[in-house]
>>> print(open('structure_18.txt').read())   # compact mmCIF, C-alpha atoms and all ligand atoms
# COMPACT_ATOMS: atom_id res chain seq x y z
CA SER A 273 1.12 72.85 268.82
CA ALA A 274 -1.98 74.52 267.43
CA THR A 275 -4.95 72.44 266.35
CA SER A 276 -5.66 74.67 263.36
CA HIS A 277 -3.44 76.76 261.12
CA LEU A 278 -4.16 80.06 259.38
CA VAL A 279 -1.50 81.04 256.85
CA GLY A 280 -1.16 83.77 254.21
CA LEU A 281 0.94 84.44 251.12
CA VAL A 282 1.92 88.12 251.02
CA GLY A 283 3.21 89.78 247.84
CA THR A 284 2.19 91.45 244.60
CA GLY A 285 0.33 89.35 242.03
CA VAL A 286 0.17 86.24 244.24
CA GLY A 287 -3.35 85.27 243.10
CA PRO A 288 -2.30 82.55 240.61
CA SER A 289 0.24 80.94 242.98
CA LEU A 290 0.00 77.14 243.35
CA THR A 291 1.45 77.27 246.87
CA PRO A 292 -1.89 77.71 248.73
CA ALA A 293 -3.34 74.61 247.04
CA MET A 294 -0.22 72.59 247.87
CA HIS A 295 -0.34 73.51 251.57
CA MET A 296 -4.07 72.96 251.98
CA ALA A 297 -4.08 69.57 250.25
CA GLU A 298 -1.29 68.38 252.54
CA GLY A 299 -3.16 69.72 255.57
CA ARG A 300 -6.25 67.75 254.51
CA ALA A 301 -4.18 64.63 253.93
CA LEU A 302 -2.68 64.92 257.43
CA GLY A 303 -6.09 65.58 258.98
CA VAL A 304 -5.31 69.08 260.26
CA ASP A 305 -7.40 72.22 259.77
CA TYR A 306 -5.21 74.29 257.50
CA LEU A 307 -6.36 77.46 255.74
CA TYR A 308 -3.86 79.17 253.43
CA ARG A 309 -4.94 82.34 251.58
CA PRO A 310 -3.16 84.66 249.14
CA ILE A 311 -2.91 88.26 250.41
CA ASP A 312 -2.37 90.14 247.16
CA LEU A 313 -0.96 93.58 247.98
CA THR A 314 -1.82 94.87 244.50
CA ALA A 315 -5.44 93.75 244.69
CA ALA A 316 -5.69 95.11 248.24
CA GLY A 317 -4.22 98.47 247.25
CA ILE A 318 -1.46 98.16 249.85
CA SER A 319 1.99 99.43 248.92
CA PRO A 320 4.73 96.78 249.42
CA ASP A 321 6.67 99.24 251.58
CA ARG A 322 3.98 98.71 254.23
CA ILE A 323 5.04 95.08 254.76
CA GLY A 324 5.77 95.80 258.43
CA GLU A 325 2.16 96.90 259.01
CA VAL A 326 0.88 93.87 257.09
CA LEU A 327 2.80 91.59 259.49
CA THR A 328 1.35 93.43 262.50
CA TRP A 329 -2.18 93.04 261.16
CA ALA A 330 -1.73 89.41 260.12
CA ARG A 331 -0.50 88.54 263.59
CA ALA A 332 -3.32 90.56 265.22
CA LEU A 333 -5.95 88.93 263.00
CA GLY A 334 -4.90 85.46 264.10
CA PHE A 335 -2.56 84.27 261.35
CA ASP A 336 0.00 81.71 262.54
CA ALA A 337 2.45 82.39 259.72
CA VAL A 338 2.87 83.99 256.32
CA ASN A 339 4.93 83.22 253.29
CA VAL A 340 6.42 86.42 251.88
CA THR A 341 7.25 86.84 248.23
CA HIS A 342 8.14 89.45 245.61
CA PRO A 343 8.86 92.29 246.30
CA CYS A 344 9.10 91.97 250.09
CA LYS A 345 11.62 89.16 250.73
CA GLN A 346 14.44 91.55 251.65
CA SER A 347 12.45 94.46 253.09
CA VAL A 348 10.57 92.22 255.53
CA ILE A 349 13.73 91.43 257.49
CA GLU A 350 13.97 94.72 259.39
CA HIS A 351 10.49 94.07 260.83
CA LEU A 352 11.34 90.67 262.34
CA ASP A 353 12.44 89.83 265.87
CA ARG A 354 14.70 86.96 264.81
CA VAL A 355 16.00 85.52 261.55
CA ASP A 356 17.23 81.98 261.05
CA PRO A 357 20.99 81.95 260.23
CA VAL A 358 20.56 80.55 256.71
CA ALA A 359 18.04 83.27 255.83
CA ALA A 360 20.15 85.94 257.55
CA THR A 361 23.19 84.94 255.51
CA LEU A 362 21.13 85.14 252.35
CA GLY A 363 19.50 88.45 253.33
CA ALA A 364 16.08 87.20 252.22
CA VAL A 365 13.09 85.72 254.09
CA ASN A 366 10.12 83.93 252.53
CA THR A 367 8.53 82.44 255.66
CA VAL A 368 7.55 84.28 258.85
CA LEU A 369 6.26 82.44 261.93
CA PHE A 370 4.28 84.48 264.47
CA THR A 371 5.43 82.83 267.71
CA ALA A 372 4.95 83.59 271.38
CA ASP A 373 8.55 84.87 271.32
CA GLY A 374 8.03 87.17 268.35
CA ASP A 375 8.16 87.09 264.56
CA VAL A 376 10.79 84.73 263.19
CA GLY A 377 12.01 84.61 259.57
CA TYR A 378 13.22 81.67 257.49
CA ASN A 379 14.07 81.10 253.84
CA THR A 380 12.68 77.91 252.33
CA ASP A 381 13.52 78.93 248.75
CA THR A 382 17.16 78.16 249.44
CA THR A 383 16.52 75.10 251.65
CA GLY A 384 13.87 73.95 249.16
CA PHE A 385 16.23 74.18 246.20
CA ALA A 386 18.81 72.17 248.16
CA HIS A 387 16.33 69.46 249.19
CA GLY A 388 14.89 69.17 245.69
CA PHE A 389 18.38 69.06 244.17
CA VAL A 390 19.61 66.28 246.49
CA GLU A 391 16.46 64.29 245.83
CA GLY A 392 16.35 64.78 242.05
CA LEU A 393 20.04 64.82 241.08
CA PRO A 394 21.66 62.81 243.90
CA ASP A 395 24.78 61.96 241.88
CA ALA A 396 25.43 65.45 240.51
CA ASP A 397 29.11 66.37 240.41
CA LEU A 398 29.52 69.75 242.17
CA ALA A 399 33.14 70.32 241.20
CA ASP A 400 32.47 73.17 238.79
CA VAL A 401 28.98 74.66 238.53
CA VAL A 402 27.73 77.54 236.39
CA LEU A 403 24.71 79.56 237.55
CA VAL A 404 22.93 81.51 234.79
CA GLY A 405 20.78 84.23 236.37
CA ALA A 406 21.77 86.31 239.39
CA GLY A 407 18.35 87.66 240.41
CA GLY A 408 16.41 86.88 243.58
CA ALA A 409 15.90 83.21 242.77
CA GLY A 410 19.46 82.79 241.52
CA THR A 411 20.75 84.20 244.81
CA ALA A 412 18.81 81.58 246.81
CA VAL A 413 20.08 78.86 244.46
CA ALA A 414 23.70 80.04 244.72
CA ASP A 415 23.65 79.90 248.52
CA ALA A 416 22.17 76.39 248.36
CA LEU A 417 24.82 75.22 245.89
CA LEU A 418 27.59 76.45 248.20
CA ARG A 419 26.02 74.80 251.27
CA LEU A 420 25.78 71.56 249.26
CA GLY A 421 29.55 71.71 248.72
CA THR A 422 30.02 73.21 245.27
CA ALA A 423 33.77 73.48 244.86
CA HIS A 424 33.75 76.24 242.28
CA LEU A 425 30.77 78.38 241.25
CA THR A 426 30.68 80.81 238.33
CA VAL A 427 27.81 83.31 238.22
CA VAL A 428 26.71 84.58 234.80
CA ASP A 429 24.04 87.16 234.04
CA LEU A 430 23.26 89.40 231.06
CA ASP A 431 23.67 92.18 233.63
CA VAL A 432 27.37 91.68 234.37
CA ASP A 433 27.31 94.02 237.38
CA ARG A 434 24.61 91.90 238.95
CA ALA A 435 26.69 88.75 238.47
CA GLY A 436 29.72 90.52 239.96
CA ASP A 437 27.76 91.79 242.97
CA LEU A 438 26.36 88.33 243.71
CA ALA A 439 29.79 86.70 243.38
CA ARG A 440 31.24 89.28 245.79
CA ASP A 441 28.40 88.81 248.30
CA LEU A 442 28.74 85.02 248.17
CA THR A 443 32.48 85.26 248.70
CA SER A 444 32.02 87.50 251.72
CA ARG A 445 29.39 85.34 253.42
CA HIS A 446 30.88 81.90 252.80
CA PRO A 447 34.16 81.13 254.55
CA ILE A 448 36.02 79.65 251.57
CA PRO A 449 35.98 81.95 248.56
CA ARG A 450 35.31 79.87 245.51
CA VAL A 451 32.96 82.03 243.50
CA ASP A 452 33.62 83.95 240.30
CA ALA A 453 31.51 86.07 238.00
CA ALA A 454 31.79 85.96 234.23
CA SER A 455 30.18 87.89 231.43
CA PHE A 456 27.49 86.17 229.40
CA ASP A 457 29.72 85.85 226.31
CA LYS A 458 32.14 83.63 228.30
CA LEU A 459 29.62 80.75 228.48
CA PRO A 460 30.97 78.97 225.36
CA ALA A 461 34.35 78.79 227.10
CA LEU A 462 32.96 78.02 230.59
CA LEU A 463 30.42 75.29 229.97
CA PRO A 464 32.85 72.79 228.36
CA GLU A 465 34.89 72.96 231.61
CA SER A 466 31.86 72.63 233.91
CA THR A 467 30.17 69.66 235.59
CA GLY A 468 26.70 71.21 235.83
CA VAL A 469 24.60 74.27 235.07
CA VAL A 470 21.62 75.81 236.88
CA HIS A 471 19.35 78.08 234.89
CA ALA A 472 17.66 80.84 236.95
CA THR A 473 16.47 83.45 234.45
CA PRO A 474 12.82 83.82 233.32
CA THR A 475 13.71 82.44 229.86
CA GLY A 476 11.56 79.43 229.04
CA MET A 477 8.42 80.73 230.71
CA ALA A 478 5.43 81.27 228.43
CA GLU A 479 6.06 85.06 228.37
CA HIS A 480 9.80 84.56 227.66
CA PRO A 481 10.05 81.54 225.35
CA GLY A 482 13.34 80.03 224.26
CA ILE A 483 16.63 79.02 225.89
CA ALA A 484 18.90 81.51 227.66
CA PHE A 485 22.11 80.18 226.08
CA ASP A 486 23.32 78.16 223.11
CA ALA A 487 21.94 74.61 223.47
CA SER A 488 24.83 73.18 221.43
CA LEU A 489 26.91 73.67 224.63
CA LEU A 490 24.93 70.87 226.34
CA ARG A 491 26.50 67.41 226.54
CA PRO A 492 25.89 64.07 228.29
CA ASP A 493 28.20 64.70 231.25
CA LEU A 494 26.88 68.20 232.04
CA TRP A 495 23.86 68.00 234.38
CA VAL A 496 21.21 70.69 233.85
CA ALA A 497 18.83 72.09 236.49
CA ASP A 498 16.14 74.58 235.46
CA ILE A 499 14.21 76.51 238.12
CA VAL A 500 11.52 77.71 235.70
CA TYR A 501 8.41 75.64 236.52
CA ARG A 502 5.72 77.13 234.25
CA PRO A 503 6.02 75.08 232.10
CA LEU A 504 7.76 72.24 233.93
CA ASP A 505 9.28 70.84 230.75
CA THR A 506 11.14 73.84 229.35
CA ALA A 507 12.90 74.07 225.99
CA LEU A 508 16.20 73.98 227.93
CA LEU A 509 15.33 70.66 229.60
CA GLN A 510 14.14 69.19 226.30
CA ALA A 511 17.44 70.16 224.67
CA ALA A 512 19.40 68.80 227.65
CA ARG A 513 17.62 65.43 227.47
CA ALA A 514 18.22 65.32 223.71
CA ALA A 515 21.93 65.88 224.46
CA GLY A 516 21.87 62.98 226.93
CA ALA A 517 22.27 65.13 230.05
CA ALA A 518 20.76 64.41 233.50
CA THR A 519 18.11 67.03 234.25
CA LEU A 520 16.12 68.51 237.13
CA ASP A 521 12.98 70.60 236.57
CA GLY A 522 11.84 73.64 238.56
CA GLY A 523 8.99 71.72 240.17
CA HIS A 524 11.43 70.29 242.73
CA MET A 525 12.28 73.74 244.13
CA ALA A 526 8.63 74.84 243.94
CA VAL A 527 7.46 71.80 245.93
CA TYR A 528 10.26 71.70 248.49
CA GLN A 529 9.93 75.39 249.39
CA ALA A 530 6.36 74.46 250.34
CA VAL A 531 7.40 71.20 252.06
CA ASP A 532 9.91 73.07 254.22
CA ALA A 533 7.47 75.93 254.98
CA PHE A 534 4.69 73.49 255.91
CA ALA A 535 7.04 71.71 258.32
CA LEU A 536 8.10 75.00 259.97
CA ILE A 537 4.50 76.23 260.28
CA THR A 538 2.91 73.05 261.64
CA GLY A 539 5.78 71.21 263.30
CA LEU A 540 4.49 68.19 261.35
CA ARG A 541 6.41 66.24 258.75
CA PRO A 542 4.67 66.63 255.38
CA ASP A 543 4.79 63.81 252.84
CA ALA A 544 7.05 65.27 250.13
CA ASP A 545 6.12 62.57 247.59
CA ARG A 546 2.42 63.25 248.09
CA MET A 547 2.98 67.01 247.75
CA THR A 548 4.98 66.39 244.58
CA ARG A 549 2.24 64.21 243.06
CA HIS A 550 -0.37 66.83 243.92
CA PHE A 551 1.71 69.72 242.53
CA ARG A 552 2.24 67.90 239.25
CA GLN A 553 -1.55 67.53 238.85
CA LEU A 554 -2.23 71.25 239.41
P1 LIG A 601 14.82 88.30 238.59
O1 LIG A 601 14.16 89.18 237.61
O2 LIG A 601 15.10 88.77 239.98
O3 LIG A 601 16.24 87.83 237.98
C1 LIG A 601 16.40 87.31 236.69
C2 LIG A 601 17.86 87.55 236.28
O4 LIG A 601 18.10 86.89 235.03
C3 LIG A 601 18.20 89.02 236.07
O5 LIG A 601 19.38 89.32 236.80
C4 LIG A 601 18.41 89.14 234.56
O6 LIG A 601 19.40 90.09 234.22
C5 LIG A 601 18.87 87.75 234.19
N1 LIG A 601 18.60 87.34 232.82
C6 LIG A 601 17.44 87.46 232.13
N2 LIG A 601 17.56 86.88 230.92
C7 LIG A 601 18.80 86.37 230.85
C8 LIG A 601 19.52 85.64 229.87
N3 LIG A 601 18.94 85.30 228.70
N4 LIG A 601 20.79 85.27 230.14
C9 LIG A 601 21.38 85.59 231.30
N5 LIG A 601 20.75 86.27 232.28
C10 LIG A 601 19.49 86.67 232.05
O7 LIG A 601 13.94 86.98 238.62
P2 LIG A 601 13.94 85.88 239.77
O8 LIG A 601 13.00 86.27 240.85
O9 LIG A 601 15.33 85.56 240.15
O10 LIG A 601 13.26 84.65 239.02
C11 LIG A 601 13.84 84.06 237.87
C12 LIG A 601 12.98 82.89 237.43
O11 LIG A 601 13.11 81.84 238.38
C13 LIG A 601 11.48 83.19 237.42
O12 LIG A 601 11.08 83.68 236.20
C14 LIG A 601 10.85 81.84 237.73
O13 LIG A 601 10.58 81.15 236.52
C15 LIG A 601 11.92 81.09 238.45
N6 LIG A 601 11.63 80.81 239.85
C16 LIG A 601 11.38 79.52 240.19
C17 LIG A 601 11.15 79.18 241.50
C18 LIG A 601 10.86 77.75 241.87
O14 LIG A 601 10.44 77.50 242.99
N7 LIG A 601 11.10 76.79 241.00
C19 LIG A 601 11.17 80.17 242.50
C20 LIG A 601 11.41 81.50 242.12
C21 LIG A 601 11.64 81.80 240.80
>>> encode(input="structure_18.txt", output="structure tokens", more="lines below")
Ligand code: NAD
Amino acid sequence: SATSHLVGLVGTGVGPSLTPAMHMAEGRALGVDYLYRPIDLTAAGISPDRIGEVLTWARALGFDAVNVTHPCKQSVIEHLDRVDPVAATLGAVNTVLFTADGDVGYNTDTTGFAHGFVEGLPDADLADVVLVGAGGAGTAVADALLRLGTAHLTVVDLDVDRAGDLARDLTSRHPIPRVDAASFDKLPALLPESTGVVHATPTGMAEHPGIAFDASLLRPDLWVADIVYRPLDTALLQAARAAGAATLDGGHMAVYQAVDAFALITGLRPDADRMTRHFRQL
């Protein structure tokens, strides 16, 4: 394996991302030369539809790998030589390794959600799970929940067509169909019958304060996972704790997508606890 690593984060508005700091601190801790730089397409004046050229240049300029983020996670796939089966099923790639055998895509958003979930909510009952938010992040979460063995998943989104499309896609790519979509106004009927809920809309971020659904639906035996991580302690998680529910914050997914990417890029085993401690200080 290489003695030094040069890695980039390609997307629009990636400047404030905490991922470069997470990777480089872990590289330092493991004693490897590890340089991870944001490649902000907006700042560089490069249209996202030129992602294929960006990969060609990154490889030519000596990068070992790139993380790929909004808005290129789907469009990058046609430019790759191979795609890992989990990422191919999902139709989204966030990690590209430039190998001697070509450019290979992976998705550590979905594996990262799964690893963080198993670590942070090990006893969660997956009999009947509601996912609120069917965007890009919600799609990665939904795939992870099905791989983890969710028996029944209901997808809810303010955009009911989006929820329906995701439910249909999930049903077609997972062998046992056990996914439904429901309109947002069905939540008061759904949540009392559910074992857990994952929140994957932007609600709760500083720019979108509040809680996406009625907090009086929370109860002690309904676990609550939020994937919003700025802030880590969202109004939803505060309300869930007040209701006596087990909770998982979005920092777990944010850290484990980096843990899994670091492992793919270096072939080394990063220390997930150390990366978590570092992330929570950033
Ligand atoms: P997106 O815009 O692709 O999708 C958001 C979806 O939520 C849309 O389909 C929208 O219709 C729906 N929505 C918005 N408000 C809603 C509401 N009140 N009720 C129901 N549905 C609603 O966004 P995305 O890329 O999927 O990201 C969503 C959020 O996930 C981000 O804002 C970010 O906070 C978080 N995120 C976290 C991680 C992590 O590692 N923890 C990774 C990616 C994204």
>>> residues_around(input="structure_18.txt", residues="Leu490 of chain A", least_positions_apart="4", cutoff="9 Å", atoms="all atoms listed in the file", output="list of chain:residue names")
A:Leu463, A:Pro464, A:Asp486, A:Leu494, A:Trp495, A:Val496, A:Ala511, A:Ala512, A:Ala515, A:Gly516, A:Ala517
>>> axis_aligned_box(input="structure_18.txt", around="ligand LIG 601 (chain A)", padding_each_side="5 Å", output="JSON")
{"center_x": 15.9, "center_y": 83.4, "center_z": 235.8, "size_x": 20.9, "size_y": 23.3, "size_z": 24.3}
>>> residues_near_ligand(input="structure_18.txt", ligand="ligand LIG 601 (chain A)", cutoff="9 Å", atoms="all atoms listed in the file", output="JSON, numbers by chain")
{"A": [342, 381, 384, 385, 404, 405, 406, 407, 408, 409, 410, 411, 412, 428, 429, 430, 431, 432, 434, 435, 456, 471, 472, 473, 474, 475, 476, 477, 480, 482, 483, 484, 485, 498, 499, 500, 501, 502, 503, 521, 522, 523, 524, 525, 526, 527, 528, 529, 530]}
>>> atom_distance(input="structure_18.txt", atom1="atom CA of Arg546 of chain A", atom2="atom CA of Ala301 of chain A")
8.9 Å
>>> residues_around(input="structure_18.txt", residues="Asp545 of chain A", least_positions_apart="5", cutoff="10 Å", atoms="all atoms listed in the file", output="CSV table (one decimal) with C-alpha atoms, keeping the file's coordinate frame")
chain,number,residue,atom,x,y,z
A,527,VAL,CA,7.5,71.8,245.9
A,531,VAL,CA,7.4,71.2,252.1
A,550,HIS,CA,-0.4,66.8,243.9
A,551,PHE,CA,1.7,69.7,242.5
>>> closest_residue(input="structure_18.txt", among="A:Arg322, A:Ala423, A:Gly392, A:Asp400", to="Pro449 of chain A", atoms="all atoms listed in the file")
A:Ala423
>>> closest_residue(input="structure_18.txt", among="A:Thr548, A:Thr275, A:Ser347, A:Thr284", to="Gly303 of chain A", atoms="only C-alpha atoms")
A:Thr275
>>> closest_residue(input="structure_18.txt", among="A:Gly363, A:Gly421, A:Pro310, A:Pro357", to="Ala386 of chain A", atoms="all atoms listed in the file")
A:Gly421
>>> closest_residue(input="structure_18.txt", among="A:Gly377, A:Gly468, A:Gly334, A:Gly388", to="Glu350 of chain A", atoms="only C-alpha atoms")
A:Gly377
>>> atom_distance(input="structure_18.txt", atom1="atom CA of Gly374 of chain A", atom2="atom CA of Phe335 of chain A")
13.0 Å
>>> residues_around(input="structure_18.txt", residues="Ile323 of chain A", least_positions_apart="4", cutoff="9 Å", atoms="only C-alpha atoms", output="PyMOL selection string")
chain A and resi 282-283+318-319+327-328+344+347-348+351
>>> residues_around(input="structure_18.txt", residues="Asp441 of chain A", least_positions_apart="5", cutoff="10 Å", atoms="all atoms listed in the file", output="PDB file with C-alpha atoms, in the coordinates of the input")
ATOM      1  CA  THR A 361      23.190  84.940 255.510  1.00  0.00           C
ATOM      2  CA  LEU A 362      21.130  85.140 252.350  1.00  0.00           C
ATOM      3  CA  THR A 411      20.750  84.200 244.810  1.00  0.00           C
ATOM      4  CA  ALA A 435      26.690  88.750 238.470  1.00  0.00           C
ATOM      5  CA  GLY A 436      29.720  90.520 239.960  1.00  0.00           C
ATOM      6  CA  HIS A 446      30.880  81.900 252.800  1.00  0.00           C
ATOM      7  CA  VAL A 451      32.960  82.030 243.500  1.00  0.00           C
TER       8      VAL A 451
END
>>> residues_around(input="structure_18.txt", residues="Arg541 of chain A", least_positions_apart="3", cutoff="10 Å", atoms="all atoms listed in the file", output="list of chain:residue names")
A:Leu302, A:Val531, A:Asp532, A:Phe534, A:Ala535, A:Leu536, A:Thr538, A:Ala544
>>> atom_distance(input="structure_18.txt", atom1="atom CA of Ile537 of chain A", atom2="atom CA of Asp312 of chain A")
20.3 Å
>>> residues_near_point(input="structure_18.txt", point="(29.5, 66.1, 232.4)", cutoff="6 Å", atoms="only C-alpha atoms", output="JSON, numbers by chain")
{"A": [467, 492, 493, 494]}
>>> closest_residue(input="structure_18.txt", among="A:Ala396, A:Ile349, A:Val279, A:Leu509", to="Leu333 of chain A", atoms="all atoms listed in the file")
A:Val279
>>> build_atoms(input="structure_18.txt", residues="segment 451-461 of chain A", atoms="all heavy atoms", output="PDB file, keeping the file's coordinate frame")
ATOM      1  N   VAL A 451      33.990  81.540 244.396  1.00  0.00           N
ATOM      2  CA  VAL A 451      32.960  82.030 243.500  1.00  0.00           C
ATOM      3  C   VAL A 451      33.534  83.084 242.566  1.00  0.00           C
ATOM      4  O   VAL A 451      34.238  83.987 243.014  1.00  0.00           O
ATOM      5  CB  VAL A 451      31.782  82.652 244.282  1.00  0.00           C
ATOM      6  CG1 VAL A 451      30.642  82.990 243.337  1.00  0.00           C
ATOM      7  CG2 VAL A 451      31.315  81.723 245.389  1.00  0.00           C
ATOM      8  N   ASP A 452      33.226  82.954 241.289  1.00  0.00           N
ATOM      9  CA  ASP A 452      33.620  83.950 240.300  1.00  0.00           C
ATOM     10  C   ASP A 452      32.384  84.445 239.573  1.00  0.00           C
ATOM     11  O   ASP A 452      31.358  83.765 239.541  1.00  0.00           O
ATOM     12  CB  ASP A 452      34.544  83.337 239.236  1.00  0.00           C
ATOM     13  CG  ASP A 452      35.894  82.975 239.790  1.00  0.00           C
ATOM     14  OD1 ASP A 452      36.446  83.798 240.547  1.00  0.00           O
ATOM     15  OD2 ASP A 452      36.374  81.873 239.482  1.00  0.00           O
ATOM     16  N   ALA A 453      32.514  85.597 238.939  1.00  0.00           N
ATOM     17  CA  ALA A 453      31.510  86.070 238.000  1.00  0.00           C
ATOM     18  C   ALA A 453      32.137  86.077 236.614  1.00  0.00           C
ATOM     19  O   ALA A 453      33.349  86.250 236.483  1.00  0.00           O
ATOM     20  CB  ALA A 453      31.037  87.463 238.361  1.00  0.00           C
ATOM     21  N   ALA A 454      31.293  85.880 235.607  1.00  0.00           N
ATOM     22  CA  ALA A 454      31.790  85.960 234.230  1.00  0.00           C
ATOM     23  C   ALA A 454      30.721  86.625 233.382  1.00  0.00           C
ATOM     24  O   ALA A 454      29.535  86.555 233.698  1.00  0.00           O
ATOM     25  CB  ALA A 454      32.119  84.574 233.688  1.00  0.00           C
ATOM     26  N   SER A 455      31.155  87.264 232.323  1.00  0.00           N
ATOM     27  CA  SER A 455      30.180  87.890 231.430  1.00  0.00           C
ATOM     28  C   SER A 455      29.520  86.801 230.582  1.00  0.00           C
ATOM     29  O   SER A 455      30.056  85.698 230.401  1.00  0.00           O
ATOM     30  CB  SER A 455      30.854  88.929 230.545  1.00  0.00           C
ATOM     31  OG  SER A 455      31.820  88.310 229.739  1.00  0.00           O
ATOM     32  N   PHE A 456      28.322  87.140 230.106  1.00  0.00           N
ATOM     33  CA  PHE A 456      27.490  86.170 229.400  1.00  0.00           C
ATOM     34  C   PHE A 456      28.231  85.562 228.208  1.00  0.00           C
ATOM     35  O   PHE A 456      28.087  84.369 227.923  1.00  0.00           O
ATOM     36  CB  PHE A 456      26.198  86.857 228.957  1.00  0.00           C
ATOM     37  CG  PHE A 456      25.212  85.932 228.340  1.00  0.00           C
ATOM     38  CD1 PHE A 456      24.478  85.053 229.121  1.00  0.00           C
ATOM     39  CD2 PHE A 456      25.035  85.924 226.973  1.00  0.00           C
ATOM     40  CE1 PHE A 456      23.564  84.185 228.548  1.00  0.00           C
ATOM     41  CE2 PHE A 456      24.122  85.054 226.394  1.00  0.00           C
ATOM     42  CZ  PHE A 456      23.392  84.194 227.184  1.00  0.00           C
ATOM     43  N   ASP A 457      29.058  86.360 227.514  1.00  0.00           N
ATOM     44  CA  ASP A 457      29.720  85.850 226.310  1.00  0.00           C
ATOM     45  C   ASP A 457      30.849  84.863 226.618  1.00  0.00           C
ATOM     46  O   ASP A 457      31.439  84.295 225.710  1.00  0.00           O
ATOM     47  CB  ASP A 457      30.214  87.010 225.411  1.00  0.00           C
ATOM     48  CG  ASP A 457      31.176  87.931 226.137  1.00  0.00           C
ATOM     49  OD1 ASP A 457      31.571  87.588 227.282  1.00  0.00           O
ATOM     50  OD2 ASP A 457      31.531  88.971 225.580  1.00  0.00           O
ATOM     51  N   LYS A 458      31.130  84.623 227.921  1.00  0.00           N
ATOM     52  CA  LYS A 458      32.140  83.630 228.300  1.00  0.00           C
ATOM     53  C   LYS A 458      31.558  82.213 228.406  1.00  0.00           C
ATOM     54  O   LYS A 458      32.303  81.244 228.582  1.00  0.00           O
ATOM     55  CB  LYS A 458      32.791  83.997 229.634  1.00  0.00           C
ATOM     56  CG  LYS A 458      33.621  85.273 229.601  1.00  0.00           C
ATOM     57  CD  LYS A 458      34.888  85.085 228.782  1.00  0.00           C
ATOM     58  CE  LYS A 458      35.846  86.282 228.861  1.00  0.00           C
ATOM     59  NZ  LYS A 458      35.226  87.583 228.592  1.00  0.00           N
ATOM     60  N   LEU A 459      30.221  82.075 228.302  1.00  0.00           N
ATOM     61  CA  LEU A 459      29.620  80.750 228.480  1.00  0.00           C
ATOM     62  C   LEU A 459      30.186  79.689 227.536  1.00  0.00           C
ATOM     63  O   LEU A 459      30.416  78.554 227.965  1.00  0.00           O
ATOM     64  CB  LEU A 459      28.088  80.831 228.319  1.00  0.00           C
ATOM     65  CG  LEU A 459      27.295  81.204 229.575  1.00  0.00           C
ATOM     66  CD1 LEU A 459      25.805  81.269 229.236  1.00  0.00           C
ATOM     67  CD2 LEU A 459      27.537  80.204 230.698  1.00  0.00           C
ATOM     68  N   PRO A 460      30.416  80.008 226.250  1.00  0.00           N
ATOM     69  CA  PRO A 460      30.970  78.970 225.360  1.00  0.00           C
ATOM     70  C   PRO A 460      32.333  78.455 225.815  1.00  0.00           C
ATOM     71  O   PRO A 460      32.699  77.320 225.505  1.00  0.00           O
ATOM     72  CB  PRO A 460      31.078  79.691 224.007  1.00  0.00           C
ATOM     73  CG  PRO A 460      30.058  80.774 224.070  1.00  0.00           C
ATOM     74  CD  PRO A 460      30.057  81.229 225.508  1.00  0.00           C
ATOM     75  N   ALA A 461      33.072  79.266 226.561  1.00  0.00           N
ATOM     76  CA  ALA A 461      34.350  78.790 227.100  1.00  0.00           C
ATOM     77  C   ALA A 461      34.158  78.100 228.450  1.00  0.00           C
ATOM     78  O   ALA A 461      34.877  77.160 228.793  1.00  0.00           O
ATOM     79  CB  ALA A 461      35.318  79.976 227.254  1.00  0.00           C
TER      80      ALA A 461
END
